[in-house]
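Participant: What follows is a structure written as structure tokens; I'll ask about it next.
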4 protein chains.
Amino acid sequence: MSETVQIGVAKAGRIGYGFSDIAVVPDRRTRDAEDVSVSWSIDAFHFDLPVIGAPMDSASSPETVIALGRAGGLGVLDLEGLWTRYEDPTDAYRRIHEASDEDAGSVLQQVYAEPVKAELITARLAEIRAAGVTVAGALSPQRTQQFYQTVLDAGVDLFVIRGTTVSAEHVSNTTEPLNLKKFIYELDVPVIVGGAGTYTTALHLMRTGAAGVLAGFGGGATSSSIKTLGLRTPMATAVADVAGARRDYLDESGGRYVHVIADGSLGLAGDIPKAIAVGADAVMLGTALARASEAPGAGYHWGAEARHAKLPRGSRVNVGTAGSLDEVLFGPAHNADGKLNLIGALRKSMATTGYTDLKEFQKAPVAISHYEV
Amino acid sequence: MSETVQIGVAKAGRIGYGFSDIAVVPDRRTRDAEDVSVSWSIDAFHFDLPVIGAPMDSASSPETVIALGRAGGLGVLDLEGLWTRYEDPTDAYRRIHEASDEDAGSVLQQVYAEPVKAELITARLAEIRAAGVTVAGALSPQRTQQFYQTVLDAGVDLFVIRGTTVSAEHVSNTTEPLNLKKFIYELDVPVIVGGAGTYTTALHLMRTGAAGVLAGFGGGATSSSIKTLGLRTPMATAVADVAGARRDYLDESGGRYVHVIADGSLGLAGDIPKAIAVGADAVMLGTALARASEAPGAGYHWGAEARHAKLPRGSRVNVGTAGSLDEVLFGPAHNADGKLNLIGALRKSMATTGYTDLKEFQKAPVAISHYEV
Amino acid sequence: MSETVQIGVAKAGRIGYGFSDIAVVPDRRTRDAEDVSVSWSIDAFHFDLPVIGAPMDSASSPETVIALGRAGGLGVLDLEGLWTRYEDPTDAYRRIHEASDEDAGSVLQQVYAEPVKAELITARLAEIRAAGVTVAGALSPQRTQQFYQTVLDAGVDLFVIRGTTVSAEHVSNTTEPLNLKKFIYELDVPVIVGGAGTYTTALHLMRTGAAGVLAGFGGGATSSSIKTLGLRTPMATAVADVAGARRDYLDESGGRYVHVIADGSLGLAGDIPKAIAVGADAVMLGTALARASEAPGAGYHWGAEARHAKLPRGSRVNVGTAGSLDEVLFGPAHNADGKLNLIGALRKSMATTGYTDLKEFQKAPVAISHYEV
Amino acid sequence: MSETVQIGVAKAGRIGYGFSDIAVVPDRRTRDAEDVSVSWSIDAFHFDLPVIGAPMDSASSPETVIALGRAGGLGVLDLEGLWTRYEDPTDAYRRIHEASDEDAGSVLQQVYAEPVKAELITARLAEIRAAGVTVAGALSPQRTQQFYQTVLDAGVDLFVIRGTTVSAEHVSNTTEPLNLKKFIYELDVPVIVGGAGTYTTALHLMRTGAAGVLAGFGGGATSSSIKTLGLRTPMATAVADVAGARRDYLDESGGRYVHVIADGSLGLAGDIPKAIAVGADAVMLGTALARASEAPGAGYHWGAEARHAKLPRGSRVNVGTAGSLDEVLFGPAHNADGKLNLIGALRKSMATTGYTDLKEFQKAPVAISHYEV
């Protein structure tokens with residue numbers, strides 16, 4: 001646990017650290033970047049890169065999901081997004097791109113008012129499967145009961161349940177909530193679930209049988225949950241807490257290793273080694289992939305929390321276009337803005353600190369420093 | 001108590017936290033926002049919303065006091081403001097609206113030089129009573145002796161004594177100060193009094209028999225007490241301290257529960273759950289309500305401390321207009337700037353952290369984090 | 001002592017706090033501002049106000065020194081400044097006022113290249129004495145030996161030795177340094193000496209027999225000692241340390257009370273109560289007085305450290321003009337920018353926290369809070 | 001060691017401090033600046049100034065290396081830079097100067113694509129030797145094996161191996177890495193090696209027989225390693241850690257004193273005394289020297305990390321031109337921006353705190369303070 005301090009007489013709080021508060025510190029040994037492995041496996045699936053594409057319409061289309069898969073990562077389509085609401089989402093995207101900053105929120109609400117269609121879920125997943133890459137789709141906890149059978153019938157390799165906050169125990173007076181434990185037990189595909197921001201939430205999610213837990217709240221750059229809800233999960237602390245749950249659950253379960261996937265506030269290349277150094281096994285990227293020229297957001301980026309009809313907790317933000325997906329992942333970069341060659345940077349970071357694989361790199365020393373970048 | 005550190009050899013100070021230093025952290029359980037109750041009761045009065053309108057002329061006219069009451073909250077009229085100085089304050093408001101930034105301070109001083117009239121206090125309170133909502137009016141400690149009989153004769157349900165700092169023991173060499181304990185004892189309406197920023201001040205105010213204590217200094221956005229007086233009460237610490245006094249006084253008094261109302265620095269939707277999570281029972285809102293299209297400030301906001309003839313400690317600030325009072329409270333919001341759907345946001349915040357009522361929500365885990373919003 | 005932490009393996013450092021890190025916190029009792037005394041005495045001299053004008057050419061001319069004395073404070077003329085270098089400094093001031101930002105440093109160097117003239121020291125002090133106010137003049141430690149006899153012959157009530165850093169033990173291989181203890185012993189006027197930033201420096205200065213010690217480094221707004229020399233004395237910590245030396249020296253000396261005068265970083269009204277609350281007996285003001293319409297700097301402000309021929313450690317800064325000296329001290333203010341009615345603000349701050357005199361106000365509770373003003 | 005705190009359940013980190021977090025604090029004694037010595041010796045070489053020029057093409061040409069040597073410091077040529085890639089680098093410099101901000105990264109990559117030529121290494125070093133100053137050249141760890149024989153044959157007095165991070169134990173699967181210990185043992189010139197950011201790395205480098213260790217990461221102003229790699233070494237902590245290794249190695253080796261040279265984040269005059277006060281014996285300057293009118297960068301500054309073909313970790317930055325090299329070192333300065341008279345400022349800083357030589361000055365008290373400069 002991080003330090004607990006008294007806020008006042010009747011309330012204590014824990015100090016939390018974000019990625020911007022920390023840095024990885026080189027120590028002792030160095031290596032060649034070529035000798036470093038950044039590969040990652042979850043369940044039976046092996047990936048050359050520890051990169052999962054965030055199921056966000058700005059970053060992930062069937063096309064970019066396939067491209068990311070071919071590049072060595074895992075693409076995940078949002079199964080409640082534009083691609084399953086519209087047969088052809090071109091016009092919907094166009095409306096979002098063309099909206100003024102002031103109107104963007106309302107336009108998102110209008111565009112996403114169109115219902116999700118089960119047959120489009122089936123079609124999109126089939127398209128991805130046909131490309132020969134690992135197939136993964138994401139639903140929100142709210143929609144999982146409604147659509148998961150459609151998803152299973154369509155066939156997925158990995159199933160992602162992603163909300164800003166997901167708990168193992170959702171309580172509802174009006175509807176029968178998703179029983180995650182029962183659901184995951186009955187499913188025969190591995191499930192990645194989150195976001196979870198604390199040790200306890202993560203431990204409970206691990207006990208449901210999840211193969212992976214998303215640590216964080218997702219959609220860092222596009223989220224305004226602190227302004228609107230007063231909620232925030234400082235990411236470095238969240239990842240380190242969830243990694244603590246992984247360690248303790250490993251013991252408690254007699255050896256089940258649940259993967260920790262950092263999700264949120266990973267906009268720059270340098271954030272990825274930070275996430276792994278505090279305990280992540282892999283990262284889910286939104287902003288970084290939304291900057292690819294192939295990204296359907298065309299330089300704009302938004303998350304599911306921005307489309308709520310009455311209470312949006314996020315915005316469309318302009319992240320710009322930095323280069324092709326290949327350049328985003330593998331470079332070459334021509335400047336040091338941290339937007340291109342994410343994988344080269346991760347390798348270099350690991351090599352400079354002397355680590356050969358991601359699991360070892362979780363032990364890298366970290367400094368807390370508040371002075372400006 | 002929060003941590004005490006040495007500032008230097010001869011002086012120690014306590015670390016204080018503001019709302020911007022903290023965040024509520026989701027943990028363990030989630031709920032449906034529909035299952036959450038945000039109702040609040042003080043004395044015999046029940047409110048659907050834990051929202052009290054600040055007695056500030058920019059936010060509260062008789063009309064908006066009534067509207068807030070009808071919406072489920074409690075409106076409070078400033079009984080020393082424009083509505084009791086002017087039969088028709090239209091022109092006074094117009095002068096304030098039209099003043100340049102440079103002249104605004106002087107114009108406030110001129111407009112508020114007009115004396116308060118007892119008969120207007122009577123008339124305004126009658127107007128509110130006629131609307132069928134809970135009637136509440138506020139006086140400053142300095143004016144309470146002069147006007148409280150007028151207020152009582154006019155009839156109020158709740159009486160608010162509000163200054164930037166109010167103590168149970170005001171000492172004066174020239175006038176007989178208000179004896180709060182005697183005053184409250186003799187009054188037959190419940191009294192809400194403050195601002196109080198520390199455990200001790202609050203405990204002493206509770207011992208006077210107050211039904212509620214305003215925690216903080218009021219008028220956060222409009223106050224410059226740090227620049228002018230060197231005074232500041234970091235709000236999260238203040239609320240947690242006053243909540244500590246509530247707990248200890250509950251024991252000391254054998255069961256009298258004095259309500260803690262956070263007052264100040266509550267400009268965004270997300271600040272409200274923060275205030276409750278550190279111990280508030282309800283919130284007094286200024287800026288947030290001054291943004292309503294019905295607000296008499298017409299997009300400007302100012303507090304009582306800005307009208308002092310020789311030493312203003314606050315300013316007229318431009319907060320803009322965000323939507324109707326109904327939209328401010330209940331939405332729909334079309335973006336995530338935290339200005340609309342405050343109640344929906346509070347419900348969602350409580351639901352995301354798994355709490356069903358405000359009292360329970362005071363237990364929500366809180367993180368201290370200095371990184372940017 | 002404030003907290004000591006390890007910077008790294010081989011070095012520890014003390015945490016230091018500036019005035020901007022702290023706030024005075026109202027607690028328990030309140031009072032009428034009218035009942036508050038802000039008077040101050042040092043040696044046989046009584047002042048209605050605890051305000052000493054900084055001996056800086058931008059703030060202090062013979063005319064403003066007299067005006068401040070008549071207003072109840074203590075004016076101090078820089079006896080090495082323009083008024084003792086030029087029979088008529090009008091043209092010198094004009095050159096400084098008219099210099100571009102880029103040229104200001106060079107112009108200061110040129111204007112101050114003119115030698116100090118003993119006869120002008122005599123004349124200026126006579127002018128002040130003739131006005132019937134307490135006469136005080138300041139020399140730097142470097143010039144004290146050269147000119148103090150002139151000063152004494154001219155007649156002063158209080159003698160100020162002021163440098164950015166003054167120690168009781170100056171070591172020199174080339175010149176015989178000023179032996180402060182011997183010097184002060186032989187002098188028959190009380191001496192105020194500083195700046196001192198630490199407990200030890202202050203204690204040593206107190207042992208020389210000084211009547212008052214300047215706590216801090218002087219010329220806060222105009223100083224760049226951190227950029228140029230890497231030196232800084234966080235003011236709140238410095239004042240609290242020097243106040244600690246006062247307390248210990250009081251015991252060691254069997255009852256000699258050496259006054260602590262905060263000098264530096266006191267630009268806004270709210271900084272003055274902060275300085276006293278951490279232990280100051282009085283304040284030396286530069287920026288605040290340089291904003292008076294009577295100030296010879298005409299809206300510009302600069303300190304002695306800005307005129308060094310080869311290594312300026314300060315700059316001419318534009319502080320603007322806020323009002324007459326009377327308005328700066330006593331108001332009325334028309335806004336809350338902290339530039340006018342410094343004394344009214346100090347009274348209000350003391351009244352709000354319930355203290356009746358400056359000595360008592362040194363006990364006021366203080367909070368450390370890093371969130372924005 | 002600085003304080004270790006928990007970031008979260010499974011990860012701890014050390015608090016790190018940068019130069020901007022600290023200040024030297026005057027204490028007790030003062031001296032005349034003229035009585036202060038800033039001379040420094042390493043191995044058999046004596047320097048009047050503790051200043052080493054960074055081997056960066058923007059700051060160091062053969063001409064400025066000679067000029068710095070004549071001024072009393074040590075110039076170091078980058079033996080993999082423009083001067084050893086181009087017979088006449090004029091055109092290469094011109095292309096870099098003329099590139100737009102957007103293109104600068106690509107232009108650097110293109111210009112540095114030209115191979116390093118052994119014969120130019122020989123010629124440049126001969127040119128410096130002919131001028132009669134101490135001859136020093138720098139190679140990166142990657143190129144040391146390829147070119148060191150050329151360097152030795154050409155003749156150097158001091159050999160610098162400088163990378164952003166250098167370890168005593170580089171591991172490679174594909175090439176035989178440089179065995180630093182063996183290399184230094186066989187070499188008959190003293191070696192300065194780094195950057196090292198931690199106690200352990202530094203201790204291991206000291207054990208290789210190095211005469212000096214560069215503490216830090218180099219090229220502070222031009223580096224983006226935090227954005228791109230997530231790596232950062234807070235400089236004050238790094239220097240204090242490396243100084244700790246010096247102390248412990250002194251004991252372990254029975255008296256071998258390895259010099260600690262702060263390298264990075266030393267852009268202003270005031271940063272130099274800070275570096276020494278936390279333990280440095282000397283400083284390596286990039287930005288400060290790149291501001292000299294003689295600097296080949298002509299107001300632009302860039303480091304080796306900016307020229308990487310696929311993953312630049314630095315940028316060309318515009319540092320401007322402040323004055324001649326002589327003015328940069330010895331003044332006169334005409335303002336207080338910390339760019340001129342670095343040596344005068346160091347002397348003044350030492351004098352103000354009462355220290356007579358650099359070794360003593362390492363004991364100066366330091367404050368940690370986060371308020372603005």
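Starting from 1 in every chain, residues are counted up; chains themselves are A, B, ... following the order of the structure tokens, and ligands are numbered from 1 as listed.
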Using only C-alpha atoms, what table do you get, as CSV, when you list each residue of chain D with an atom no more than 7 Å from chain C, its nearest pair of atoms, and their distance in Å rounded to one decimal, rows by chain then rising number?
Facilitator:
residue,atom,partner,partner_atom,distance
D:Met1,CA,C:Val9,CA,4.2
D:Ser2,CA,C:Gln6,CA,4.5
D:Glu3,CA,C:Gln6,CA,6.6
D:Tyr17,CA,C:Ile7,CA,6.3
D:Ala23,CA,C:Leu231,CA,5.2
D:Val24,CA,C:Leu231,CA,4.7
D:Val25,CA,C:Leu231,CA,5.8
D:Pro26,CA,C:Gly197,CA,6.9
D:Asp27,CA,C:Thr201,CA,5.6
D:Arg28,CA,C:Thr201,CA,4.4
D:Arg29,CA,C:Glu169,CA,5.1
D:Thr30,CA,C:His170,CA,4.7
D:Arg31,CA,C:Val171,CA,4.7
D:Asp32,CA,C:Ser172,CA,5.5
D:Asp35,CA,C:Asn173,CA,6.4
D:Ala236,CA,C:Ile7,CA,6.8
D:Thr237,CA,C:Gly8,CA,4.6
D:Ala238,CA,C:Gly8,CA,6.9
D:Ala240,CA,C:Gly8,CA,4.6
D:Asp241,CA,C:Val9,CA,4.6
D:Ala243,CA,C:Ala10,CA,5.9
D:Gly244,CA,C:Ala10,CA,4.5
D:Leu268,CA,C:Lys227,CA,6.2
D:Ala269,CA,C:Thr228,CA,5.0
D:Gly270,CA,C:Gly230,CA,3.7
D:Asp271,CA,C:Gly230,CA,5.8
D:Pro273,CA,C:Gly230,CA,6.0
D:Lys274,CA,C:Gly230,CA,5.8
D:Val278,CA,C:Lys11,CA,5.8
D:Gly331,CA,C:Lys310,CA,6.0
D:Pro332,CA,C:Lys310,CA,4.1
D:Ala333,CA,C:Leu311,CA,5.3
D:His334,CA,C:Gly105,CA,5.1
D:Asn335,CA,C:Gly105,CA,4.8
D:Ala336,CA,C:Arg313,CA,4.9
D:Asp337,CA,C:Lys227,CA,6.6
D:Gly338,CA,C:Thr228,CA,4.5
D:Asn341,CA,C:Leu311,CA,6.7
D:Gly344,CA,C:Leu311,CA,7.0
D:Ala345,CA,C:Leu229,CA,5.5
D:Leu346,CA,C:Leu229,CA,6.5
D:Ser349,CA,C:Leu229,CA,5.2
D:Thr352,CA,C:Thr165,CA,6.7
D:Pro365,CA,C:Gly13,CA,6.8
D:Val366,CA,C:Gly13,CA,4.9
D:Ala367,CA,C:Arg14,CA,4.8
D:Ile368,CA,C:Ile15,CA,4.6
D:Ser369,CA,C:Gly16,CA,5.0
D:Tyr371,CA,C:Gly18,CA,6.6
D:Val373,CA,C:Ile226,CA,6.7
Participant: Please run DSSP on the backbone and report, as number ranges by chain, all residues within region 55-94 of chain D that come out as helix (DSSP H, G or I).
Facilitator: D: 62-71, 82-85, 90-94
Participant: Using Å and a single decimal, report how far CA of Ala215 (chain C) sits from CA of Gly264 (chain C).
Facilitator: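 Interatomic distance, CA of Gly264 (chain C) to CA of Ala215 (chain C): 8.2 Å.
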Participant: Can you tell me, as number ranges by chain, which residues in region 79-301 of chain A count as strand (DSSP E or B) by DSSP?
Facilitator: A: 136-139, 158-162, 169-171, 191-196, 212-216, 223, 231, 259-263, 282-285, 292, 300-301
Participant: Output N, CA and C atoms of each residue in that selection to a file, as an mmCIF file, in the first residue's frame.
Facilitator:
data_model
loop_
_atom_site.group_PDB
_atom_site.id
_atom_site.type_symbol
_atom_site.label_atom_id
_atom_site.label_comp_id
_atom_site.auth_asym_id
_atom_site.auth_seq_id
_atom_site.Cartn_x
_atom_site.Cartn_y
_atom_site.Cartn_z
ATOM 1 N N ALA A 136 -10.657 -10.500 -30.988
ATOM 2 C CA ALA A 136 -11.102 -10.053 -29.671
ATOM 3 C C ALA A 136 -12.108 -8.927 -29.829
ATOM 4 N N GLY A 137 -13.126 -8.962 -28.992
ATOM 5 C CA GLY A 137 -14.134 -7.902 -29.017
ATOM 6 C C GLY A 137 -14.453 -7.484 -27.601
ATOM 7 N N ALA A 138 -14.918 -6.243 -27.460
ATOM 8 C CA ALA A 138 -15.199 -5.727 -26.130
ATOM 9 C C ALA A 138 -16.649 -5.306 -25.993
ATOM 10 N N LEU A 139 -17.225 -5.630 -24.844
ATOM 11 C CA LEU A 139 -18.536 -5.111 -24.469
ATOM 12 C C LEU A 139 -18.382 -4.407 -23.117
ATOM 13 N N LEU A 158 -10.592 -14.005 -27.565
ATOM 14 C CA LEU A 158 -10.510 -13.357 -26.260
ATOM 15 C C LEU A 158 -11.695 -12.413 -26.136
ATOM 16 N N PHE A 159 -12.245 -12.375 -24.932
ATOM 17 C CA PHE A 159 -13.418 -11.548 -24.700
ATOM 18 C C PHE A 159 -13.043 -10.473 -23.692
ATOM 19 N N VAL A 160 -13.358 -9.216 -24.029
ATOM 20 C CA VAL A 160 -12.988 -8.107 -23.156
ATOM 21 C C VAL A 160 -14.239 -7.442 -22.591
ATOM 22 N N ILE A 161 -14.316 -7.331 -21.279
ATOM 23 C CA ILE A 161 -15.396 -6.569 -20.643
ATOM 24 C C ILE A 161 -14.754 -5.328 -20.051
ATOM 25 N N ARG A 162 -15.090 -4.191 -20.617
ATOM 26 C CA ARG A 162 -14.369 -2.961 -20.254
ATOM 27 C C ARG A 162 -15.341 -1.835 -19.951
ATOM 28 N N GLU A 169 -18.708 -7.359 -8.071
ATOM 29 C CA GLU A 169 -20.028 -7.432 -7.458
ATOM 30 C C GLU A 169 -20.833 -6.192 -7.804
ATOM 31 N N HIS A 170 -21.580 -6.255 -8.903
ATOM 32 C CA HIS A 170 -22.444 -5.141 -9.238
ATOM 33 C C HIS A 170 -23.814 -5.409 -8.640
ATOM 34 N N VAL A 171 -24.340 -4.393 -7.948
ATOM 35 C CA VAL A 171 -25.625 -4.531 -7.267
ATOM 36 C C VAL A 171 -26.661 -3.690 -7.987
ATOM 37 N N VAL A 191 -11.276 -14.261 -20.556
ATOM 38 C CA VAL A 191 -11.874 -12.935 -20.413
ATOM 39 C C VAL A 191 -10.863 -11.971 -19.792
ATOM 40 N N ILE A 192 -10.807 -10.799 -20.406
ATOM 41 C CA ILE A 192 -10.039 -9.688 -19.825
ATOM 42 C C ILE A 192 -11.055 -8.684 -19.327
ATOM 43 N N VAL A 193 -10.939 -8.255 -18.076
ATOM 44 C CA VAL A 193 -11.984 -7.416 -17.506
ATOM 45 C C VAL A 193 -11.387 -6.254 -16.706
ATOM 46 N N GLY A 194 -12.068 -5.131 -16.760
ATOM 47 C CA GLY A 194 -11.632 -3.936 -16.004
ATOM 48 C C GLY A 194 -12.356 -2.721 -16.539
ATOM 49 N N GLY A 195 -12.027 -1.501 -16.096
ATOM 50 C CA GLY A 195 -10.908 -1.142 -15.293
ATOM 51 C C GLY A 195 -11.113 -1.331 -13.800
ATOM 52 N N ALA A 196 -9.999 -1.692 -13.204
ATOM 53 C CA ALA A 196 -9.917 -1.801 -11.762
ATOM 54 C C ALA A 196 -8.792 -0.898 -11.288
ATOM 55 N N GLY A 212 -7.225 -11.789 -17.482
ATOM 56 C CA GLY A 212 -6.485 -10.533 -17.389
ATOM 57 C C GLY A 212 -7.354 -9.471 -16.756
ATOM 58 N N VAL A 213 -6.711 -8.524 -16.090
ATOM 59 C CA VAL A 213 -7.436 -7.400 -15.498
ATOM 60 C C VAL A 213 -6.869 -6.106 -16.058
ATOM 61 N N LEU A 214 -7.764 -5.252 -16.523
ATOM 62 C CA LEU A 214 -7.348 -3.924 -16.965
ATOM 63 C C LEU A 214 -7.149 -3.051 -15.734
ATOM 64 N N ALA A 215 -5.944 -2.547 -15.560
ATOM 65 C CA ALA A 215 -5.655 -1.685 -14.410
ATOM 66 C C ALA A 215 -5.775 -0.238 -14.847
ATOM 67 N N GLY A 216 -6.644 0.501 -14.148
ATOM 68 C CA GLY A 216 -6.841 1.908 -14.501
ATOM 69 C C GLY A 216 -8.279 2.172 -14.837
ATOM 70 N N SER A 223 -10.814 11.291 -20.903
ATOM 71 C CA SER A 223 -11.683 11.185 -19.735
ATOM 72 C C SER A 223 -11.709 12.454 -18.907
ATOM 73 N N LEU A 231 -13.880 11.359 -9.492
ATOM 74 C CA LEU A 231 -13.195 10.066 -9.429
ATOM 75 C C LEU A 231 -11.906 10.118 -10.235
ATOM 76 N N HIS A 259 -3.077 -11.763 -15.812
ATOM 77 C CA HIS A 259 -2.294 -10.699 -16.416
ATOM 78 C C HIS A 259 -2.835 -9.325 -16.064
ATOM 79 N N VAL A 260 -1.905 -8.417 -15.847
ATOM 80 C CA VAL A 260 -2.261 -7.032 -15.521
ATOM 81 C C VAL A 260 -1.971 -6.173 -16.740
ATOM 82 N N ILE A 261 -3.031 -5.541 -17.235
ATOM 83 C CA ILE A 261 -2.898 -4.724 -18.441
ATOM 84 C C ILE A 261 -3.186 -3.277 -18.078
ATOM 85 N N ALA A 262 -2.172 -2.452 -18.156
ATOM 86 C CA ALA A 262 -2.359 -1.024 -17.844
ATOM 87 C C ALA A 262 -3.225 -0.392 -18.924
ATOM 88 N N ASP A 263 -4.225 0.361 -18.492
ATOM 89 C CA ASP A 263 -5.186 0.931 -19.430
ATOM 90 C C ASP A 263 -5.484 2.373 -19.037
ATOM 91 N N ALA A 282 1.252 -5.962 -19.843
ATOM 92 C CA ALA A 282 1.015 -5.442 -21.184
ATOM 93 C C ALA A 282 0.287 -4.120 -21.036
ATOM 94 N N VAL A 283 0.136 -3.429 -22.148
ATOM 95 C CA VAL A 283 -0.548 -2.137 -22.107
ATOM 96 C C VAL A 283 -1.680 -2.083 -23.125
ATOM 97 N N MET A 284 -2.763 -1.403 -22.778
ATOM 98 C CA MET A 284 -3.846 -1.134 -23.719
ATOM 99 C C MET A 284 -3.720 0.320 -24.145
ATOM 100 N N LEU A 285 -3.552 0.528 -25.456
ATOM 101 C CA LEU A 285 -3.265 1.872 -25.964
ATOM 102 C C LEU A 285 -4.454 2.468 -26.707
ATOM 103 N N ALA A 292 -2.292 7.112 -35.318
ATOM 104 C CA ALA A 292 -1.877 6.464 -36.568
ATOM 105 C C ALA A 292 -2.708 6.999 -37.726
ATOM 106 N N TYR A 300 -8.787 12.652 -34.314
ATOM 107 C CA TYR A 300 -9.597 12.878 -33.112
ATOM 108 C C TYR A 300 -9.658 11.595 -32.302
ATOM 109 N N HIS A 301 -9.941 11.754 -31.028
ATOM 110 C CA HIS A 301 -9.943 10.613 -30.122
ATOM 111 C C HIS A 301 -11.064 10.812 -29.113
#
Participant: At a cut-off of 8 Å, using only C-alpha atoms, what residues contact Tyr249 (chain C)? Leave out same-chain residues fewer than 3 positions from it and give the result as a ChimeraX atom specification.
Facilitator: /C:203,206-207,245-246,252-253,256-257
Participant: Dump N, CA and C atoms for the selected residues as a PDB file, in the first residue's frame?
Facilitator:
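Result file is out-v3.pdb:
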ATOM      1  N   LEU C 203      21.365  33.850  15.179  1.00  0.00           N
ATOM      2  CA  LEU C 203      21.833  33.796  16.571  1.00  0.00           C
ATOM      3  C   LEU C 203      23.164  34.537  16.700  1.00  0.00           C
ATOM      4  N   MET C 206      22.553  38.177  16.546  1.00  0.00           N
ATOM      5  CA  MET C 206      21.977  38.655  17.806  1.00  0.00           C
ATOM      6  C   MET C 206      23.070  38.842  18.863  1.00  0.00           C
ATOM      7  N   ARG C 207      24.031  37.946  18.834  1.00  0.00           N
ATOM      8  CA  ARG C 207      25.120  38.036  19.819  1.00  0.00           C
ATOM      9  C   ARG C 207      26.027  39.250  19.585  1.00  0.00           C
ATOM     10  N   ALA C 245      15.802  31.655  16.852  1.00  0.00           N
ATOM     11  CA  ALA C 245      17.038  32.229  17.401  1.00  0.00           C
ATOM     12  C   ALA C 245      16.691  33.321  18.414  1.00  0.00           C
ATOM     13  N   ARG C 246      15.673  34.126  18.114  1.00  0.00           N
ATOM     14  CA  ARG C 246      15.230  35.168  19.054  1.00  0.00           C
ATOM     15  C   ARG C 246      14.867  34.563  20.399  1.00  0.00           C
ATOM     16  N   GLU C 252      19.434  32.849  26.493  1.00  0.00           N
ATOM     17  CA  GLU C 252      20.892  32.900  26.636  1.00  0.00           C
ATOM     18  C   GLU C 252      21.378  34.251  27.165  1.00  0.00           C
ATOM     19  N   SER C 253      20.691  35.317  26.749  1.00  0.00           N
ATOM     20  CA  SER C 253      21.139  36.665  27.121  1.00  0.00           C
ATOM     21  C   SER C 253      20.478  37.144  28.402  1.00  0.00           C
ATOM     22  N   ARG C 256      17.322  39.693  26.622  1.00  0.00           N
ATOM     23  CA  ARG C 256      17.375  40.682  25.539  1.00  0.00           C
ATOM     24  C   ARG C 256      16.521  40.199  24.364  1.00  0.00           C
ATOM     25  N   TYR C 257      15.525  40.996  24.011  1.00  0.00           N
ATOM     26  CA  TYR C 257      14.609  40.625  22.943  1.00  0.00           C
ATOM     27  C   TYR C 257      15.060  41.307  21.657  1.00  0.00           C
TER      28      TYR C 257
END
